[in-house]
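What follows is work_0.txt (compact mmCIF, C-alpha atoms and all ligand atoms).
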# COMPACT_ATOMS: atom_id res chain seq x y z
CA MET V 1 -51.88 -30.46 -4.38
CA GLY V 2 -50.60 -30.35 -7.95
CA THR V 3 -52.55 -28.80 -10.77
CA THR V 4 -56.23 -28.93 -10.15
CA VAL V 5 -58.78 -28.61 -12.89
CA ALA V 6 -61.39 -25.91 -12.57
CA ILE V 7 -64.75 -27.62 -12.32
CA ARG V 8 -67.53 -27.00 -14.80
CA GLY V 9 -71.26 -27.38 -14.15
CA PRO V 10 -73.65 -29.92 -15.67
CA ASP V 11 -74.68 -27.62 -18.53
CA TRP V 12 -71.11 -27.11 -19.60
CA LYS V 13 -70.50 -27.15 -23.32
CA PRO V 14 -66.77 -27.67 -23.91
CA THR V 15 -65.30 -25.17 -26.36
CA LEU V 16 -61.86 -24.30 -27.64
CA GLU V 17 -62.12 -20.98 -25.79
CA ASP V 18 -62.38 -22.74 -22.43
CA PRO V 19 -59.05 -22.58 -20.55
CA GLU V 20 -59.48 -26.13 -19.23
CA ILE V 21 -60.03 -27.45 -22.73
CA GLN V 22 -57.01 -25.48 -23.91
CA ARG V 23 -54.91 -26.95 -21.13
CA TYR V 24 -56.04 -30.47 -21.99
CA LEU V 25 -55.32 -29.99 -25.70
CA PHE V 26 -51.99 -28.38 -25.03
CA GLU V 27 -50.93 -31.43 -22.98
CA GLU V 28 -52.22 -33.86 -25.59
CA VAL V 29 -51.41 -32.25 -28.91
CA GLY V 30 -49.18 -29.26 -28.19
CA GLU V 31 -49.27 -25.79 -29.70
CA GLU V 32 -49.31 -27.13 -33.26
CA GLY V 33 -52.34 -29.27 -32.54
CA MET V 34 -54.18 -26.40 -30.92
CA GLU V 35 -53.58 -24.21 -33.93
CA LEU V 36 -54.94 -26.93 -36.19
CA ALA V 37 -57.91 -27.42 -33.86
CA ARG V 38 -58.79 -23.75 -34.21
CA TYR V 39 -58.49 -24.00 -37.98
CA LEU V 40 -60.74 -27.08 -38.07
CA GLN V 41 -63.33 -25.44 -35.89
CA GLU V 42 -63.50 -22.35 -38.08
CA ASN V 43 -63.74 -24.38 -41.27
CA GLU V 44 -65.58 -27.56 -40.39
CA PRO V 45 -66.66 -29.75 -41.99
CA ILE V 46 -63.50 -29.73 -44.03
CA SER V 47 -61.94 -32.37 -46.24
CA GLY V 48 -58.52 -33.74 -45.44
CA VAL V 49 -57.34 -32.56 -48.84
CA ASP V 50 -58.35 -28.97 -48.01
CA VAL V 51 -56.58 -29.15 -44.67
CA LEU V 52 -53.38 -30.30 -46.37
CA GLU V 53 -53.75 -27.54 -48.92
CA HIS V 54 -54.13 -24.89 -46.23
CA TYR V 55 -50.90 -26.12 -44.66
CA SER V 56 -49.16 -26.61 -48.00
CA GLU V 57 -45.92 -25.13 -46.68
CA ARG V 58 -45.67 -28.15 -44.37
CA LYS V 59 -45.08 -31.79 -45.19
CA PRO V 60 -48.43 -33.58 -45.68
CA SER V 61 -47.25 -36.43 -43.46
CA GLU V 62 -46.59 -33.95 -40.63
CA VAL V 63 -50.02 -32.33 -40.97
CA ARG V 64 -51.67 -35.76 -41.05
CA LYS V 65 -49.80 -36.71 -37.90
CA VAL V 66 -51.21 -33.69 -36.09
CA LEU V 67 -54.71 -34.48 -37.36
CA TYR V 68 -54.47 -38.01 -36.01
CA ARG V 69 -53.11 -36.75 -32.73
CA LEU V 70 -56.22 -34.58 -32.40
CA MET V 71 -58.33 -37.63 -33.14
CA GLU V 72 -56.49 -39.75 -30.59
CA ALA V 73 -57.05 -36.99 -28.04
CA HIS V 74 -60.80 -37.38 -28.81
CA ALA V 75 -61.00 -33.77 -29.98
CA ALA V 76 -61.48 -34.29 -33.72
CA GLU V 77 -63.13 -36.96 -35.81
CA TYR V 78 -63.41 -37.82 -39.45
CA GLU V 79 -65.93 -39.45 -41.70
CA LYS V 80 -64.66 -41.63 -44.48
CA ASP V 81 -66.45 -41.72 -47.78
CA THR V 82 -65.80 -42.62 -51.38
CA ASP V 83 -66.23 -40.04 -54.12
CA LYS V 84 -67.56 -40.62 -57.63
CA ALA V 85 -64.11 -41.43 -58.95
CA GLY V 86 -63.70 -44.09 -56.32
CA TRP V 87 -61.28 -42.15 -54.13
CA GLU V 88 -61.54 -42.27 -50.39
CA THR V 89 -62.38 -38.88 -48.89
CA PHE V 90 -62.03 -37.77 -45.30
CA THR V 91 -64.21 -35.09 -43.76
CA TRP V 92 -62.92 -33.65 -40.53
CA ARG V 93 -64.78 -32.04 -37.67
CA MET V 94 -64.00 -30.93 -34.16
CA ASP V 95 -65.99 -32.58 -31.40
CA LEU V 96 -65.10 -31.64 -27.85
CA ASP V 97 -67.93 -33.46 -26.06
CA GLU V 98 -65.75 -36.50 -25.45
CA VAL V 99 -63.01 -34.26 -24.05
CA GLY V 100 -65.60 -32.86 -21.65
CA LEU V 101 -66.37 -36.40 -20.47
CA ILE V 102 -62.67 -37.13 -20.07
CA LEU V 103 -62.28 -34.08 -17.83
CA ARG V 104 -65.35 -35.14 -15.83
CA ARG V 105 -63.76 -38.56 -15.30
CA ARG V 106 -60.58 -36.82 -14.13
CA TRP V 107 -62.57 -34.88 -11.54
CA ALA V 108 -64.20 -38.11 -10.39
CA ASP V 109 -60.79 -39.81 -10.10
CA GLU V 110 -59.39 -36.82 -8.25
CA LEU V 111 -62.33 -36.88 -5.84
CA THR V 112 -61.87 -40.58 -5.10
CA HIS V 113 -58.16 -40.06 -4.56
CA LEU V 114 -58.69 -37.06 -2.25
CA GLN V 115 -61.32 -38.86 -0.20
CA LYS V 116 -58.91 -41.74 0.39
CA GLN V 117 -56.14 -39.31 1.26
CA LEU V 118 -58.40 -37.42 3.66
CA LYS V 119 -59.41 -40.64 5.41
CA PHE V 120 -55.74 -41.60 5.75
CA GLU V 121 -54.78 -38.16 7.09
CA GLU V 122 -57.63 -38.30 9.61
CA ASP V 123 -56.63 -41.77 10.81
CA HIS V 124 -52.93 -41.12 11.21
CA GLU V 125 -50.64 -38.97 13.24
CA TYR V 126 -47.70 -37.44 11.40
CA TYR V 127 -44.22 -36.72 12.69
CA ALA V 128 -41.38 -34.53 11.49
CA CYS V 129 -38.33 -32.63 12.71
CA ASP V 130 -38.51 -28.85 13.15
CA SER V 131 -37.14 -28.38 9.64
CA LEU V 132 -39.87 -30.66 8.22
CA HIS V 133 -37.35 -32.73 6.28
CA ARG V 134 -39.56 -35.81 6.20
CA ARG V 135 -43.21 -36.09 7.06
CA MET V 136 -44.04 -39.62 8.20
CA VAL V 137 -46.71 -41.55 10.04
CA PHE V 138 -46.27 -42.67 13.65
CA GLU V 139 -45.30 -46.27 12.81
CA ASP V 140 -42.59 -45.21 10.35
CA ALA V 141 -41.21 -42.55 12.70
CA MET V 142 -41.15 -45.09 15.54
CA ASP V 143 -39.15 -47.51 13.39
CA ILE V 144 -36.34 -44.98 13.23
CA GLY V 145 -36.61 -43.97 16.89
CA PHE V 146 -38.27 -40.61 16.10
CA HIS V 147 -35.03 -39.21 14.71
CA CYS V 148 -35.17 -37.38 11.40
CA PRO V 149 -33.34 -39.43 8.75
CA VAL V 150 -31.92 -36.23 7.26
CA CYS V 151 -30.71 -34.19 10.26
CA GLN V 152 -31.05 -36.74 13.12
CA GLU V 153 -33.01 -34.18 15.17
CA PRO V 154 -36.00 -35.48 17.17
CA MET V 155 -39.30 -35.77 15.32
CA GLN V 156 -42.45 -34.31 16.89
CA PRO V 157 -46.13 -34.84 16.23
CA LEU V 158 -47.32 -32.52 13.48
CA ASP V 159 -50.50 -30.54 13.28
CA ASN V 160 -52.09 -31.58 9.99
CA GLN V 161 -55.11 -29.27 10.26
CA GLN V 162 -54.02 -27.27 7.25
CA VAL V 163 -53.62 -30.37 5.14
CA LEU V 164 -57.04 -31.60 6.24
CA GLU V 165 -58.59 -28.24 5.52
CA SER V 166 -57.23 -27.96 2.02
CA LEU V 167 -58.28 -31.54 1.26
CA ARG V 168 -61.79 -30.89 2.55
CA GLU V 169 -61.98 -27.66 0.60
CA ARG V 170 -61.15 -29.29 -2.74
CA ILE V 171 -63.44 -32.25 -1.97
CA SER V 172 -66.38 -29.94 -1.28
CA GLU V 173 -65.59 -28.16 -4.56
CA LEU V 174 -65.63 -31.38 -6.54
CA GLU V 175 -68.47 -33.28 -4.87
CA PRO V 176 -71.44 -31.39 -6.31
CA TYR V 177 -70.21 -32.08 -9.84
CA VAL V 178 -69.27 -35.67 -9.48
CA THR V 179 -72.18 -38.00 -9.01
CA ALA V 180 -71.26 -41.50 -8.01
ZN ZN O 201 -34.68 -33.14 9.86
Have the structure of the file written as structure tokens, please.
Ligand SMILES: [Zn+2]
Amino acid sequence: MGTTVAIRGPDWKPTLEDPEIQRYLFEEVGEEGMELARYLQENEPISGVDVLEHYSERKPSEVRKVLYRLMEAHAAEYEKDTDKAGWETFTWRMDLDEVGLILRRRWADELTHLQKQLKFEEDHEYYACDSLHRRMVFEDAMDIGFHCPVCQEPMQPLDNQQVLESLRERISELEPYVTA
């Protein structure tokens, strides 16, 4: 069923230490971004200038790119201001609340998807050859005379209890945390 996200309760406060948050950030911003996220969190609020200084061995444009990637992933934000000399200043902070909401929306989407899939599985009979080359619904199997398109062996009705069970299991996991 692919990679499923571990569900978090209603009082969940997303943190960088949370494996689900780490997985999200890793997908969105990579290892470099996660390292910068940790640095921001330990030093926030921090000015953009100070961030660039901390990473002075890297090109400023590269560091900025990572900062903006964190922002686009809704994990970091900045406040723009103007100092006495008239220069624009940027103050960066981590904020993972939005990421928490994004993961909650993912659970909701997953639940909707699984419920549809469950309904479809319940309403259909599946067929396959003994080697399970192709799993297909009755109508599709009938179209090809119940002969497996891979090995030409006859296709038989399949027991989909295990599929149904694993779908129901994940649905019952998700439901309490996803309110429609
Ligand atoms: Zn086959």
So which residues are near ligand ZN 201 (chain O), meaning at most 12 Å away with all atoms listed in the file counted, given back as a PDB file with C-alpha atoms, keeping the file's coordinate frame?
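Result went into result38.pdb, see below:
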ATOM      1  CA  TYR V 127     -44.220 -36.720  12.690  1.00  0.00           C
ATOM      2  CA  ALA V 128     -41.380 -34.530  11.490  1.00  0.00           C
ATOM      3  CA  CYS V 129     -38.330 -32.630  12.710  1.00  0.00           C
ATOM      4  CA  ASP V 130     -38.510 -28.850  13.150  1.00  0.00           C
ATOM      5  CA  SER V 131     -37.140 -28.380   9.640  1.00  0.00           C
ATOM      6  CA  LEU V 132     -39.870 -30.660   8.220  1.00  0.00           C
ATOM      7  CA  HIS V 133     -37.350 -32.730   6.280  1.00  0.00           C
ATOM      8  CA  ARG V 134     -39.560 -35.810   6.200  1.00  0.00           C
ATOM      9  CA  ARG V 135     -43.210 -36.090   7.060  1.00  0.00           C
ATOM     10  CA  MET V 136     -44.040 -39.620   8.200  1.00  0.00           C
ATOM     11  CA  ALA V 141     -41.210 -42.550  12.700  1.00  0.00           C
ATOM     12  CA  PHE V 146     -38.270 -40.610  16.100  1.00  0.00           C
ATOM     13  CA  HIS V 147     -35.030 -39.210  14.710  1.00  0.00           C
ATOM     14  CA  CYS V 148     -35.170 -37.380  11.400  1.00  0.00           C
ATOM     15  CA  PRO V 149     -33.340 -39.430   8.750  1.00  0.00           C
ATOM     16  CA  VAL V 150     -31.920 -36.230   7.260  1.00  0.00           C
ATOM     17  CA  CYS V 151     -30.710 -34.190  10.260  1.00  0.00           C
ATOM     18  CA  GLN V 152     -31.050 -36.740  13.120  1.00  0.00           C
ATOM     19  CA  GLU V 153     -33.010 -34.180  15.170  1.00  0.00           C
ATOM     20  CA  PRO V 154     -36.000 -35.480  17.170  1.00  0.00           C
ATOM     21  CA  MET V 155     -39.300 -35.770  15.320  1.00  0.00           C
ATOM     22  CA  GLN V 156     -42.450 -34.310  16.890  1.00  0.00           C
TER      23      GLN V 156
END
Give as a compact mmCIF listing (two decimals) with C-alpha atoms, keeping the file's coordinate frame every residue, naming chains and numbers as the document does, that has an atom within 12 Å of (-50.9, -35.1, -25.5), counting all atoms listed in the file.
# COMPACT_ATOMS: atom_id res chain seq x y z
CA GLN V 22 -57.01 -25.48 -23.91
CA ARG V 23 -54.91 -26.95 -21.13
CA TYR V 24 -56.04 -30.47 -21.99
CA LEU V 25 -55.32 -29.99 -25.70
CA PHE V 26 -51.99 -28.38 -25.03
CA GLU V 27 -50.93 -31.43 -22.98
CA GLU V 28 -52.22 -33.86 -25.59
CA VAL V 29 -51.41 -32.25 -28.91
CA GLY V 30 -49.18 -29.26 -28.19
CA GLU V 31 -49.27 -25.79 -29.70
CA GLU V 32 -49.31 -27.13 -33.26
CA GLY V 33 -52.34 -29.27 -32.54
CA MET V 34 -54.18 -26.40 -30.92
CA VAL V 66 -51.21 -33.69 -36.09
CA TYR V 68 -54.47 -38.01 -36.01
CA ARG V 69 -53.11 -36.75 -32.73
CA LEU V 70 -56.22 -34.58 -32.40
CA MET V 71 -58.33 -37.63 -33.14
CA GLU V 72 -56.49 -39.75 -30.59
CA ALA V 73 -57.05 -36.99 -28.04
CA HIS V 74 -60.80 -37.38 -28.81
CA ALA V 75 -61.00 -33.77 -29.98
Nearest residue to Asp18 (chain V) out of V:Trp107, V:Val99, V:Ser47, V:Glu122, using only C-alpha atoms? V:Val99
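Nearest residue to Leu111 (chain V) among V:Arg168, V:Arg38, V:Arg64, V:His124 is V:Arg168, counting all atoms listed in the file.
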Between CA of Pro45 (chain V) and CA of Glu79 (chain V), what is the distance, to one decimal in Å? 9.7 Å
Using the partial input, fill out region 95-121 of chain V with N, CA and C atoms; write the result as a PDB file, in the frame of the given file.
ATOM      1  N   ASP V  95     -64.918 -32.170 -32.301  1.00  0.00           N
ATOM      2  CA  ASP V  95     -65.990 -32.580 -31.400  1.00  0.00           C
ATOM      3  C   ASP V  95     -65.390 -32.679 -29.995  1.00  0.00           C
ATOM      4  N   LEU V  96     -65.734 -31.725 -29.167  1.00  0.00           N
ATOM      5  CA  LEU V  96     -65.100 -31.640 -27.850  1.00  0.00           C
ATOM      6  C   LEU V  96     -65.930 -32.277 -26.736  1.00  0.00           C
ATOM      7  N   ASP V  97     -67.083 -32.863 -27.099  1.00  0.00           N
ATOM      8  CA  ASP V  97     -67.930 -33.460 -26.060  1.00  0.00           C
ATOM      9  C   ASP V  97     -67.199 -34.569 -25.307  1.00  0.00           C
ATOM     10  N   GLU V  98     -66.490 -35.398 -26.070  1.00  0.00           N
ATOM     11  CA  GLU V  98     -65.750 -36.500 -25.450  1.00  0.00           C
ATOM     12  C   GLU V  98     -64.665 -35.970 -24.503  1.00  0.00           C
ATOM     13  N   VAL V  99     -64.037 -34.871 -24.917  1.00  0.00           N
ATOM     14  CA  VAL V  99     -63.010 -34.260 -24.050  1.00  0.00           C
ATOM     15  C   VAL V  99     -63.659 -33.807 -22.742  1.00  0.00           C
ATOM     16  N   GLY V 100     -64.867 -33.264 -22.860  1.00  0.00           N
ATOM     17  CA  GLY V 100     -65.600 -32.860 -21.650  1.00  0.00           C
ATOM     18  C   GLY V 100     -65.802 -34.045 -20.717  1.00  0.00           C
ATOM     19  N   LEU V 101     -66.162 -35.188 -21.285  1.00  0.00           N
ATOM     20  CA  LEU V 101     -66.370 -36.400 -20.470  1.00  0.00           C
ATOM     21  C   LEU V 101     -65.057 -36.861 -19.841  1.00  0.00           C
ATOM     22  N   ILE V 102     -63.987 -36.735 -20.607  1.00  0.00           N
ATOM     23  CA  ILE V 102     -62.670 -37.130 -20.070  1.00  0.00           C
ATOM     24  C   ILE V 102     -62.321 -36.268 -18.850  1.00  0.00           C
ATOM     25  N   LEU V 103     -62.576 -34.956 -18.964  1.00  0.00           N
ATOM     26  CA  LEU V 103     -62.280 -34.080 -17.830  1.00  0.00           C
ATOM     27  C   LEU V 103     -63.178 -34.418 -16.645  1.00  0.00           C
ATOM     28  N   ARG V 104     -64.445 -34.751 -16.925  1.00  0.00           N
ATOM     29  CA  ARG V 104     -65.350 -35.140 -15.830  1.00  0.00           C
ATOM     30  C   ARG V 104     -64.833 -36.397 -15.125  1.00  0.00           C
ATOM     31  N   ARG V 105     -64.313 -37.340 -15.917  1.00  0.00           N
ATOM     32  CA  ARG V 105     -63.760 -38.560 -15.300  1.00  0.00           C
ATOM     33  C   ARG V 105     -62.535 -38.218 -14.457  1.00  0.00           C
ATOM     34  N   ARG V 106     -61.748 -37.239 -14.917  1.00  0.00           N
ATOM     35  CA  ARG V 106     -60.580 -36.820 -14.130  1.00  0.00           C
ATOM     36  C   ARG V 106     -61.014 -36.249 -12.787  1.00  0.00           C
ATOM     37  N   TRP V 107     -62.088 -35.432 -12.810  1.00  0.00           N
ATOM     38  CA  TRP V 107     -62.570 -34.880 -11.540  1.00  0.00           C
ATOM     39  C   TRP V 107     -63.028 -36.004 -10.622  1.00  0.00           C
ATOM     40  N   ALA V 108     -63.714 -36.988 -11.205  1.00  0.00           N
ATOM     41  CA  ALA V 108     -64.200 -38.110 -10.390  1.00  0.00           C
ATOM     42  C   ALA V 108     -63.021 -38.875  -9.785  1.00  0.00           C
ATOM     43  N   ASP V 109     -61.987 -39.114 -10.592  1.00  0.00           N
ATOM     44  CA  ASP V 109     -60.790 -39.810 -10.100  1.00  0.00           C
ATOM     45  C   ASP V 109     -60.112 -38.991  -8.999  1.00  0.00           C
ATOM     46  N   GLU V 110     -60.034 -37.686  -9.241  1.00  0.00           N
ATOM     47  CA  GLU V 110     -59.390 -36.820  -8.250  1.00  0.00           C
ATOM     48  C   GLU V 110     -60.164 -36.877  -6.942  1.00  0.00           C
ATOM     49  N   LEU V 111     -61.496 -36.839  -7.043  1.00  0.00           N
ATOM     50  CA  LEU V 111     -62.330 -36.880  -5.840  1.00  0.00           C
ATOM     51  C   LEU V 111     -62.087 -38.166  -5.054  1.00  0.00           C
ATOM     52  N   THR V 112     -62.100 -39.301  -5.757  1.00  0.00           N
ATOM     53  CA  THR V 112     -61.870 -40.580  -5.100  1.00  0.00           C
ATOM     54  C   THR V 112     -60.517 -40.593  -4.401  1.00  0.00           C
ATOM     55  N   HIS V 113     -59.510 -40.108  -5.109  1.00  0.00           N
ATOM     56  CA  HIS V 113     -58.160 -40.060  -4.560  1.00  0.00           C
ATOM     57  C   HIS V 113     -58.100 -39.179  -3.308  1.00  0.00           C
ATOM     58  N   LEU V 114     -58.731 -37.990  -3.382  1.00  0.00           N
ATOM     59  CA  LEU V 114     -58.690 -37.060  -2.250  1.00  0.00           C
ATOM     60  C   LEU V 114     -59.442 -37.602  -1.047  1.00  0.00           C
ATOM     61  N   GLN V 115     -60.561 -38.297  -1.312  1.00  0.00           N
ATOM     62  CA  GLN V 115     -61.320 -38.860  -0.200  1.00  0.00           C
ATOM     63  C   GLN V 115     -60.506 -39.912   0.543  1.00  0.00           C
ATOM     64  N   LYS V 116     -59.774 -40.732  -0.229  1.00  0.00           N
ATOM     65  CA  LYS V 116     -58.910 -41.740   0.390  1.00  0.00           C
ATOM     66  C   LYS V 116     -57.805 -41.058   1.201  1.00  0.00           C
ATOM     67  N   GLN V 117     -57.220 -40.027   0.591  1.00  0.00           N
ATOM     68  CA  GLN V 117     -56.140 -39.310   1.260  1.00  0.00           C
ATOM     69  C   GLN V 117     -56.628 -38.658   2.547  1.00  0.00           C
ATOM     70  N   LEU V 118     -57.823 -38.074   2.475  1.00  0.00           N
ATOM     71  CA  LEU V 118     -58.400 -37.420   3.660  1.00  0.00           C
ATOM     72  C   LEU V 118     -58.599 -38.437   4.775  1.00  0.00           C
ATOM     73  N   LYS V 119     -59.167 -39.585   4.424  1.00  0.00           N
ATOM     74  CA  LYS V 119     -59.410 -40.640   5.410  1.00  0.00           C
ATOM     75  C   LYS V 119     -58.084 -41.050   6.059  1.00  0.00           C
ATOM     76  N   PHE V 120     -57.053 -41.196   5.240  1.00  0.00           N
ATOM     77  CA  PHE V 120     -55.740 -41.600   5.750  1.00  0.00           C
ATOM     78  C   PHE V 120     -55.175 -40.531   6.683  1.00  0.00           C
ATOM     79  N   GLU V 121     -55.286 -39.270   6.259  1.00  0.00           N
ATOM     80  CA  GLU V 121     -54.780 -38.160   7.090  1.00  0.00           C
ATOM     81  C   GLU V 121     -55.514 -38.108   8.424  1.00  0.00           C
TER      82      GLU V 121
END
